[in-house]
>>> print(open('target-v4.pdb').read())   # PDB, C-alpha atoms and all ligand atoms
MODEL        1
ATOM      1  CA  MET A  17      23.650 -10.131  11.354  1.00  0.00           C
ATOM      2  CA  GLN A  18      23.489 -10.153  15.156  1.00  0.00           C
ATOM      3  CA  MET A  19      20.058  -9.076  16.397  1.00  0.00           C
ATOM      4  CA  LYS A  20      19.548  -7.626  19.847  1.00  0.00           C
ATOM      5  CA  ASP A  21      16.805  -9.637  21.640  1.00  0.00           C
ATOM      6  CA  GLY A  22      16.382 -11.669  18.446  1.00  0.00           C
ATOM      7  CA  PHE A  23      14.576  -9.026  16.426  1.00  0.00           C
ATOM      8  CA  SER A  24      15.200  -6.023  14.206  1.00  0.00           C
ATOM      9  CA  ALA A  25      12.886  -4.093  11.894  1.00  0.00           C
ATOM     10  CA  VAL A  26      15.745  -3.569   9.434  1.00  0.00           C
ATOM     11  CA  ARG A  27      16.274  -7.325   9.241  1.00  0.00           C
ATOM     12  CA  ALA A  28      12.508  -7.990   9.036  1.00  0.00           C
ATOM     13  CA  GLU A  29      12.067  -5.585   6.141  1.00  0.00           C
ATOM     14  CA  ALA A  30      15.098  -7.059   4.362  1.00  0.00           C
ATOM     15  CA  LEU A  31      13.591 -10.548   4.689  1.00  0.00           C
ATOM     16  CA  LEU A  32      10.235  -9.343   3.372  1.00  0.00           C
ATOM     17  CA  ARG A  33      11.923  -7.790   0.331  1.00  0.00           C
ATOM     18  CA  GLU A  34      14.224 -10.752  -0.217  1.00  0.00           C
ATOM     19  CA  TRP A  35      11.361 -13.266  -0.284  1.00  0.00           C
ATOM     20  CA  THR A  36       8.827 -11.112  -2.157  1.00  0.00           C
ATOM     21  CA  GLN A  37       8.924  -9.929  -5.772  1.00  0.00           C
ATOM     22  CA  SER A  38       5.394  -8.500  -5.853  1.00  0.00           C
ATOM     23  CA  ALA A  39       5.485  -4.769  -5.112  1.00  0.00           C
ATOM     24  CA  SER A  40       1.939  -4.822  -3.770  1.00  0.00           C
ATOM     25  CA  LEU A  41       2.694  -7.660  -1.356  1.00  0.00           C
ATOM     26  CA  VAL A  42       5.743  -5.772  -0.065  1.00  0.00           C
ATOM     27  CA  LYS A  43       3.560  -2.688   0.415  1.00  0.00           C
ATOM     28  CA  HIS A  44       0.977  -4.800   2.229  1.00  0.00           C
ATOM     29  CA  GLY A  45       3.666  -5.935   4.679  1.00  0.00           C
ATOM     30  CA  LEU A  46       4.866  -2.370   5.187  1.00  0.00           C
ATOM     31  CA  ALA A  47       1.298  -1.102   5.722  1.00  0.00           C
ATOM     32  CA  VAL A  48       0.338  -3.810   8.220  1.00  0.00           C
ATOM     33  CA  ALA A  49       3.618  -3.145  10.018  1.00  0.00           C
ATOM     34  CA  ARG A  50       2.817   0.535  10.478  1.00  0.00           C
ATOM     35  CA  CYS A  51      -0.576  -0.397  11.902  1.00  0.00           C
ATOM     36  CA  THR A  52       0.816  -2.980  14.326  1.00  0.00           C
ATOM     37  CA  GLU A  53       3.609  -0.570  15.274  1.00  0.00           C
ATOM     38  CA  SER A  54       1.005   2.006  16.293  1.00  0.00           C
ATOM     39  CA  TYR A  55      -0.630  -0.591  18.551  1.00  0.00           C
ATOM     40  CA  GLY A  56       2.787  -1.329  20.025  1.00  0.00           C
ATOM     41  CA  THR A  57       3.201   2.348  20.821  1.00  0.00           C
ATOM     42  CA  ARG A  58      -0.237   2.371  22.489  1.00  0.00           C
ATOM     43  CA  GLU A  59       0.575  -0.759  24.461  1.00  0.00           C
ATOM     44  CA  ALA A  60       3.876   0.727  25.631  1.00  0.00           C
ATOM     45  CA  GLU A  61       2.024   3.810  26.819  1.00  0.00           C
ATOM     46  CA  ARG A  62      -0.575   1.686  28.612  1.00  0.00           C
ATOM     47  CA  CYS A  63       2.229  -0.180  30.400  1.00  0.00           C
ATOM     48  CA  GLY A  64       3.902   3.072  31.423  1.00  0.00           C
ATOM     49  CA  MET A  65       6.996   2.503  29.284  1.00  0.00           C
ATOM     50  CA  ASN A  66       8.955   5.327  27.774  1.00  0.00           C
ATOM     51  CA  GLY A  67      12.164   6.058  25.913  1.00  0.00           C
ATOM     52  CA  GLU A  68      14.116   3.147  24.450  1.00  0.00           C
ATOM     53  CA  GLU A  69      11.869   0.523  26.067  1.00  0.00           C
ATOM     54  CA  ALA A  70       8.745   1.971  24.388  1.00  0.00           C
ATOM     55  CA  LEU A  71      10.498   2.271  21.035  1.00  0.00           C
ATOM     56  CA  ARG A  72      11.633  -1.353  21.226  1.00  0.00           C
ATOM     57  CA  LEU A  73       8.110  -2.590  21.931  1.00  0.00           C
ATOM     58  CA  ALA A  74       6.788  -0.622  18.945  1.00  0.00           C
ATOM     59  CA  GLU A  75       9.574  -2.113  16.817  1.00  0.00           C
ATOM     60  CA  PHE A  76       8.662  -5.601  18.037  1.00  0.00           C
ATOM     61  CA  TYR A  77       5.068  -5.053  16.904  1.00  0.00           C
ATOM     62  CA  ARG A  78       6.276  -3.597  13.598  1.00  0.00           C
ATOM     63  CA  CYS A  79       8.416  -6.689  12.935  1.00  0.00           C
ATOM     64  CA  ALA A  80       5.373  -8.954  13.326  1.00  0.00           C
ATOM     65  CA  GLY A  81       3.608  -6.910  10.652  1.00  0.00           C
ATOM     66  CA  LEU A  82       6.607  -6.953   8.318  1.00  0.00           C
ATOM     67  CA  LEU A  83       6.980 -10.717   8.628  1.00  0.00           C
ATOM     68  CA  HIS A  84       3.399 -11.992   8.798  1.00  0.00           C
ATOM     69  CA  ASP A  85       3.223 -12.684   5.039  1.00  0.00           C
ATOM     70  CA  PHE A  86       6.912 -12.713   4.118  1.00  0.00           C
ATOM     71  CA  ASP A  87       6.731 -16.389   3.041  1.00  0.00           C
ATOM     72  CA  TYR A  88       3.425 -16.001   1.202  1.00  0.00           C
ATOM     73  CA  GLU A  89       4.750 -15.534  -2.323  1.00  0.00           C
ATOM     74  CA  ARG A  90       7.049 -18.571  -2.152  1.00  0.00           C
ATOM     75  CA  HIS A  91       4.643 -20.699  -0.112  1.00  0.00           C
ATOM     76  CA  PRO A  92       1.072 -19.481  -0.705  1.00  0.00           C
ATOM     77  CA  THR A  93      -0.860 -22.660   0.171  1.00  0.00           C
ATOM     78  CA  PRO A  94      -2.547 -23.084   3.565  1.00  0.00           C
ATOM     79  CA  GLU A  95      -0.354 -26.158   4.038  1.00  0.00           C
ATOM     80  CA  GLU A  96       2.782 -24.004   3.924  1.00  0.00           C
ATOM     81  CA  HIS A  97       1.908 -20.363   4.765  1.00  0.00           C
ATOM     82  CA  PRO A  98       2.766 -19.175   7.397  1.00  0.00           C
ATOM     83  CA  PHE A  99       4.318 -22.405   8.696  1.00  0.00           C
ATOM     84  CA  VAL A 100       7.378 -22.403   6.423  1.00  0.00           C
ATOM     85  CA  GLY A 101       8.124 -18.794   7.306  1.00  0.00           C
ATOM     86  CA  VAL A 102       7.706 -19.408  11.023  1.00  0.00           C
ATOM     87  CA  LYS A 103      10.023 -22.430  10.907  1.00  0.00           C
ATOM     88  CA  PHE A 104      12.663 -20.327   9.136  1.00  0.00           C
ATOM     89  CA  LEU A 105      12.309 -17.485  11.632  1.00  0.00           C
ATOM     90  CA  ARG A 106      12.484 -19.903  14.584  1.00  0.00           C
ATOM     91  CA  GLU A 107      15.752 -21.311  13.255  1.00  0.00           C
ATOM     92  CA  GLN A 108      17.060 -17.748  13.028  1.00  0.00           C
ATOM     93  CA  GLY A 109      16.151 -17.132  16.672  1.00  0.00           C
ATOM     94  CA  TRP A 110      13.205 -14.737  16.297  1.00  0.00           C
ATOM     95  CA  PRO A 111      11.147 -14.487  19.507  1.00  0.00           C
ATOM     96  CA  GLU A 112       8.397 -17.077  20.045  1.00  0.00           C
ATOM     97  CA  GLU A 113       5.882 -14.388  20.980  1.00  0.00           C
ATOM     98  CA  MET A 114       6.248 -12.911  17.499  1.00  0.00           C
ATOM     99  CA  LEU A 115       5.962 -16.319  15.846  1.00  0.00           C
ATOM    100  CA  HIS A 116       2.785 -16.989  17.800  1.00  0.00           C
ATOM    101  CA  ALA A 117       1.253 -13.792  16.408  1.00  0.00           C
ATOM    102  CA  ILE A 118       2.264 -14.722  12.860  1.00  0.00           C
ATOM    103  CA  LEU A 119       0.651 -18.144  13.247  1.00  0.00           C
ATOM    104  CA  ALA A 120      -2.488 -16.672  14.825  1.00  0.00           C
ATOM    105  CA  HIS A 121      -3.117 -14.267  11.924  1.00  0.00           C
ATOM    106  CA  ALA A 122      -4.006 -17.297   9.796  1.00  0.00           C
ATOM    107  CA  GLU A 123      -7.264 -18.637  11.177  1.00  0.00           C
ATOM    108  CA  TYR A 124      -6.699 -22.126   9.763  1.00  0.00           C
ATOM    109  CA  SER A 125      -3.387 -22.492  11.653  1.00  0.00           C
ATOM    110  CA  GLY A 126      -5.198 -23.683  14.764  1.00  0.00           C
ATOM    111  CA  VAL A 127      -3.464 -20.957  16.793  1.00  0.00           C
ATOM    112  CA  THR A 128      -5.914 -18.382  18.123  1.00  0.00           C
ATOM    113  CA  PRO A 129      -5.124 -14.723  18.857  1.00  0.00           C
ATOM    114  CA  GLU A 130      -4.425 -14.494  22.605  1.00  0.00           C
ATOM    115  CA  THR A 131      -1.890 -11.760  23.326  1.00  0.00           C
ATOM    116  CA  HIS A 132      -2.299  -8.084  22.523  1.00  0.00           C
ATOM    117  CA  LEU A 133       0.258  -8.487  19.725  1.00  0.00           C
ATOM    118  CA  ASP A 134      -1.677 -11.457  18.271  1.00  0.00           C
ATOM    119  CA  LYS A 135      -4.839  -9.371  18.278  1.00  0.00           C
ATOM    120  CA  ALA A 136      -3.185  -6.252  16.866  1.00  0.00           C
ATOM    121  CA  LEU A 137      -1.751  -8.236  13.948  1.00  0.00           C
ATOM    122  CA  TYR A 138      -4.987 -10.054  13.236  1.00  0.00           C
ATOM    123  CA  ALA A 139      -6.895  -6.771  13.392  1.00  0.00           C
ATOM    124  CA  SER A 140      -4.471  -4.844  11.165  1.00  0.00           C
ATOM    125  CA  ASP A 141      -4.092  -7.378   8.365  1.00  0.00           C
ATOM    126  CA  GLU A 142      -7.443  -7.139   6.586  1.00  0.00           C
ATOM    127  CA  LEU A 143      -8.033  -3.494   7.507  1.00  0.00           C
ATOM    128  CA  ALA A 144      -4.726  -2.313   5.998  1.00  0.00           C
ATOM    129  CA  GLY A 145      -5.778  -3.850   2.688  1.00  0.00           C
ATOM    130  CA  PHE A 146      -9.158  -2.203   2.875  1.00  0.00           C
ATOM    131  CA  LEU A 147      -7.661   1.212   3.673  1.00  0.00           C
ATOM    132  CA  THR A 148      -5.321   0.840   0.698  1.00  0.00           C
ATOM    133  CA  ALA A 149      -8.341   0.129  -1.527  1.00  0.00           C
ATOM    134  CA  CYS A 150     -10.088   3.208  -0.086  1.00  0.00           C
ATOM    135  CA  ALA A 151      -7.061   5.366  -0.948  1.00  0.00           C
ATOM    136  CA  LEU A 152      -6.790   4.081  -4.501  1.00  0.00           C
ATOM    137  CA  VAL A 153     -10.335   5.153  -5.440  1.00  0.00           C
ATOM    138  CA  LYS A 154      -9.714   8.735  -4.308  1.00  0.00           C
ATOM    139  CA  PRO A 155      -9.075  11.135  -7.223  1.00  0.00           C
ATOM    140  CA  SER A 156      -5.683  11.898  -5.641  1.00  0.00           C
ATOM    141  CA  ARG A 157      -5.053   8.157  -4.991  1.00  0.00           C
ATOM    142  CA  THR A 158      -3.613   9.136  -1.624  1.00  0.00           C
ATOM    143  CA  ILE A 159      -4.338   7.880   1.885  1.00  0.00           C
ATOM    144  CA  VAL A 160      -4.279  11.410   3.314  1.00  0.00           C
ATOM    145  CA  ASP A 161      -7.651  12.026   1.659  1.00  0.00           C
ATOM    146  CA  VAL A 162      -9.307   9.008   3.294  1.00  0.00           C
ATOM    147  CA  GLU A 163     -11.606   9.654   6.269  1.00  0.00           C
ATOM    148  CA  VAL A 164     -12.993   7.264   8.888  1.00  0.00           C
ATOM    149  CA  THR A 165     -16.640   7.979   7.957  1.00  0.00           C
ATOM    150  CA  GLY A 166     -15.912   7.207   4.293  1.00  0.00           C
ATOM    151  CA  VAL A 167     -14.237   3.917   5.269  1.00  0.00           C
ATOM    152  CA  VAL A 168     -17.250   2.868   7.361  1.00  0.00           C
ATOM    153  CA  LYS A 169     -19.547   3.686   4.430  1.00  0.00           C
ATOM    154  CA  LYS A 170     -17.416   1.679   2.023  1.00  0.00           C
ATOM    155  CA  MET A 171     -17.472  -1.298   4.376  1.00  0.00           C
ATOM    156  CA  LYS A 172     -21.237  -1.450   3.835  1.00  0.00           C
ATOM    157  CA  ASP A 173     -20.845  -1.306   0.051  1.00  0.00           C
ATOM    158  CA  LYS A 174     -20.592  -4.989  -0.816  1.00  0.00           C
ATOM    159  CA  ALA A 175     -19.432  -4.322  -4.381  1.00  0.00           C
ATOM    160  CA  PHE A 176     -16.393  -2.390  -3.152  1.00  0.00           C
ATOM    161  CA  ALA A 177     -13.149  -4.338  -2.545  1.00  0.00           C
ATOM    162  CA  ARG A 178     -15.086  -7.605  -2.478  1.00  0.00           C
ATOM    163  CA  ALA A 179     -12.071  -9.703  -1.535  1.00  0.00           C
ATOM    164  CA  VAL A 180     -11.721  -7.966   1.825  1.00  0.00           C
ATOM    165  CA  LYS A 181     -13.683  -9.835   4.482  1.00  0.00           C
ATOM    166  CA  ARG A 182     -15.680  -7.318   6.484  1.00  0.00           C
ATOM    167  CA  GLU A 183     -16.229  -9.822   9.282  1.00  0.00           C
ATOM    168  CA  ASP A 184     -12.456 -10.103   9.821  1.00  0.00           C
ATOM    169  CA  ILE A 185     -12.224  -6.320  10.259  1.00  0.00           C
ATOM    170  CA  LEU A 186     -15.129  -6.343  12.722  1.00  0.00           C
ATOM    171  CA  ARG A 187     -13.655  -9.296  14.609  1.00  0.00           C
ATOM    172  CA  GLY A 188     -10.309  -7.504  14.812  1.00  0.00           C
ATOM    173  CA  ALA A 189     -11.792  -4.486  16.566  1.00  0.00           C
ATOM    174  CA  GLU A 190     -13.742  -6.812  18.831  1.00  0.00           C
ATOM    175  CA  LEU A 191     -10.600  -8.749  19.766  1.00  0.00           C
ATOM    176  CA  LEU A 192      -8.794  -5.510  20.582  1.00  0.00           C
ATOM    177  CA  GLY A 193     -11.794  -4.429  22.631  1.00  0.00           C
ATOM    178  CA  ILE A 194     -12.175  -1.070  20.929  1.00  0.00           C
ATOM    179  CA  PRO A 195     -14.964   0.433  18.785  1.00  0.00           C
ATOM    180  CA  LEU A 196     -14.656  -0.160  15.040  1.00  0.00           C
ATOM    181  CA  GLN A 197     -14.329   3.558  14.294  1.00  0.00           C
ATOM    182  CA  GLU A 198     -11.438   3.877  16.731  1.00  0.00           C
ATOM    183  CA  HIS A 199      -9.650   0.899  15.190  1.00  0.00           C
ATOM    184  CA  ILE A 200     -10.105   2.360  11.697  1.00  0.00           C
ATOM    185  CA  GLY A 201      -8.868   5.740  12.935  1.00  0.00           C
ATOM    186  CA  ASN A 202      -5.775   4.189  14.535  1.00  0.00           C
ATOM    187  CA  CYS A 203      -4.741   2.292  11.408  1.00  0.00           C
ATOM    188  CA  LEU A 204      -5.656   5.119   9.065  1.00  0.00           C
ATOM    189  CA  HIS A 205      -3.561   7.564  11.059  1.00  0.00           C
ATOM    190  CA  ALA A 206      -0.630   5.141  11.169  1.00  0.00           C
ATOM    191  CA  MET A 207      -0.729   4.671   7.397  1.00  0.00           C
ATOM    192  CA  GLN A 208      -1.167   8.393   6.747  1.00  0.00           C
ATOM    193  CA  GLN A 209       1.936   9.122   8.784  1.00  0.00           C
ATOM    194  CA  HIS A 210       3.892   6.811   6.488  1.00  0.00           C
ATOM    195  CA  ALA A 211       2.102   7.580   3.219  1.00  0.00           C
ATOM    196  CA  GLU A 212       5.327   8.102   1.314  1.00  0.00           C
ATOM    197  CA  GLU A 213       6.838   4.793   2.399  1.00  0.00           C
ATOM    198  CA  LEU A 214       3.619   3.021   1.405  1.00  0.00           C
ATOM    199  CA  GLY A 215       3.409   4.772  -1.952  1.00  0.00           C
ATOM    200  CA  LEU A 216      -0.021   6.091  -0.994  1.00  0.00           C
TER     201      LEU A 216
HETATM  202 FE    FE B 301      -1.537 -10.074   5.332  1.00  0.00          FE
ENDMDL
END
>>> encode(input="target-v4.pdb", output="structure tokens")
Amino acid sequence: MQMKDGFSAVRAEALLREWTQSASLVKHGLAVARCTESYGTREAERCGMNGEEALRLAEFYRCAGLLHDFDYERHPTPEEHPFVGVKFLREQGWPEEMLHAILAHAEYSGVTPETHLDKALYASDELAGFLTACALVKPSRTIVDVEVTGVVKKMKDKAFARAVKREDILRGAELLGIPLQEHIGNCLHAMQQHAEELGL
């Protein structure tokens, strides 16, 4: 498949699904992608882009989200993830800027989040998982019933969704240079808009 500018969300999602059997890991990729996409839309606005150019930037950000863990199921160790995936993507001609973001989302990679895309991906990864957990404890089990204040409260409840590192969520907002509540609101809204796709 020929990809314009070396990227395509259709291709990214196909790769995620091809490499991942776990339904929850696929959903994680989709959820992170909707969060990063929303930051791409914001960045496009900030840069004064519109039309096709703005849509392409949002798609670029979405691809980084779709692909950040696409190799995780096949190569889950810190020796291989996300390095194997990045090597594969590089051979396929995906843009270096996207690969940098994928490397930077794994703290142990030695690559630190520098660009806005790097930061948006880092910031969306752990939060998307936490928002999913917040949705699943609602009686309706839907993300539309989740509110920012409830998310903040749950972040303080150490027994809730223990595996999610609160400090990563806080660091994400800090990297993006926005208040925590705003970051939660941005990602929550992005996931709510795509609730059906995310099965939430
Ligand atoms: Fe992830």
>>> residues_near_point(input="target-v4.pdb", point="(4.6, -4.8, 8.9)", cutoff="9 Å", atoms="all atoms listed in the file", output="list in words")
Ala25, Ala28, Glu29, Lys43, His44, Gly45, Leu46, Ala47, Val48, Ala49, Arg50, Cys51, Thr52, Glu53, Tyr77, Arg78, Cys79, Ala80, Gly81, Leu82, Leu83, His84, Asp85 and Leu137 of chain A
>>> closest_residue(input="target-v4.pdb", among="A:Ala144, A:Ala60, A:Leu119, A:Ala149", to="Ala177 of chain A", atoms="all atoms listed in the file")
A:Ala149
>>> closest_atom_pairs(input="target-v4.pdb", of="segment 140-211 of chain A", to="segment 128-135 of chain A", cutoff="9 Å", atoms="all atoms listed in the file", output="tab-separated table")
residue	atom	partner	partner_atom	distance
A:Ser140	CA	A:Lys135	CA	8.4
A:Gly188	CA	A:Lys135	CA	6.7
A:Ala189	CA	A:Lys135	CA	8.7
A:Leu191	CA	A:Lys135	CA	6.0
A:Leu192	CA	A:Lys135	CA	6.0
>>> write_last_selection(input="target-v4.pdb", atoms="C-alpha atoms", output="short mmCIF file (atom, residue, chain, number, x, y, z; two decimals), keeping the file's coordinate frame")
data_model
loop_
_atom_site.label_atom_id
_atom_site.label_comp_id
_atom_site.auth_asym_id
_atom_site.auth_seq_id
_atom_site.Cartn_x
_atom_site.Cartn_y
_atom_site.Cartn_z
CA SER A 140 -4.47 -4.84 11.16
CA GLY A 188 -10.31 -7.50 14.81
CA ALA A 189 -11.79 -4.49 16.57
CA LEU A 191 -10.60 -8.75 19.77
CA LEU A 192 -8.79 -5.51 20.58
#
>>> atom_distance(input="target-v4.pdb", atom1="atom CA of His121 of chain A", atom2="atom CA of Ile159 of chain A")
24.3 Å
>>> atom_distance(input="target-v4.pdb", atom1="atom CA of Gly166 of chain A", atom2="atom CA of Ile200 of chain A")
10.6 Å
>>> residues_around(input="target-v4.pdb", residues="Gly201 of chain A", least_positions_apart="2", cutoff="12 Å", atoms="all atoms listed in the file", output="VMD selection string")
chain A and resid 51 54 to 55 140 143 to 144 147 162 to 168 189 194 to 199 203 to 208
>>> atom_distance(input="target-v4.pdb", atom1="atom CA of Gly22 of chain A", atom2="atom CA of Trp110 of chain A")
4.9 Å
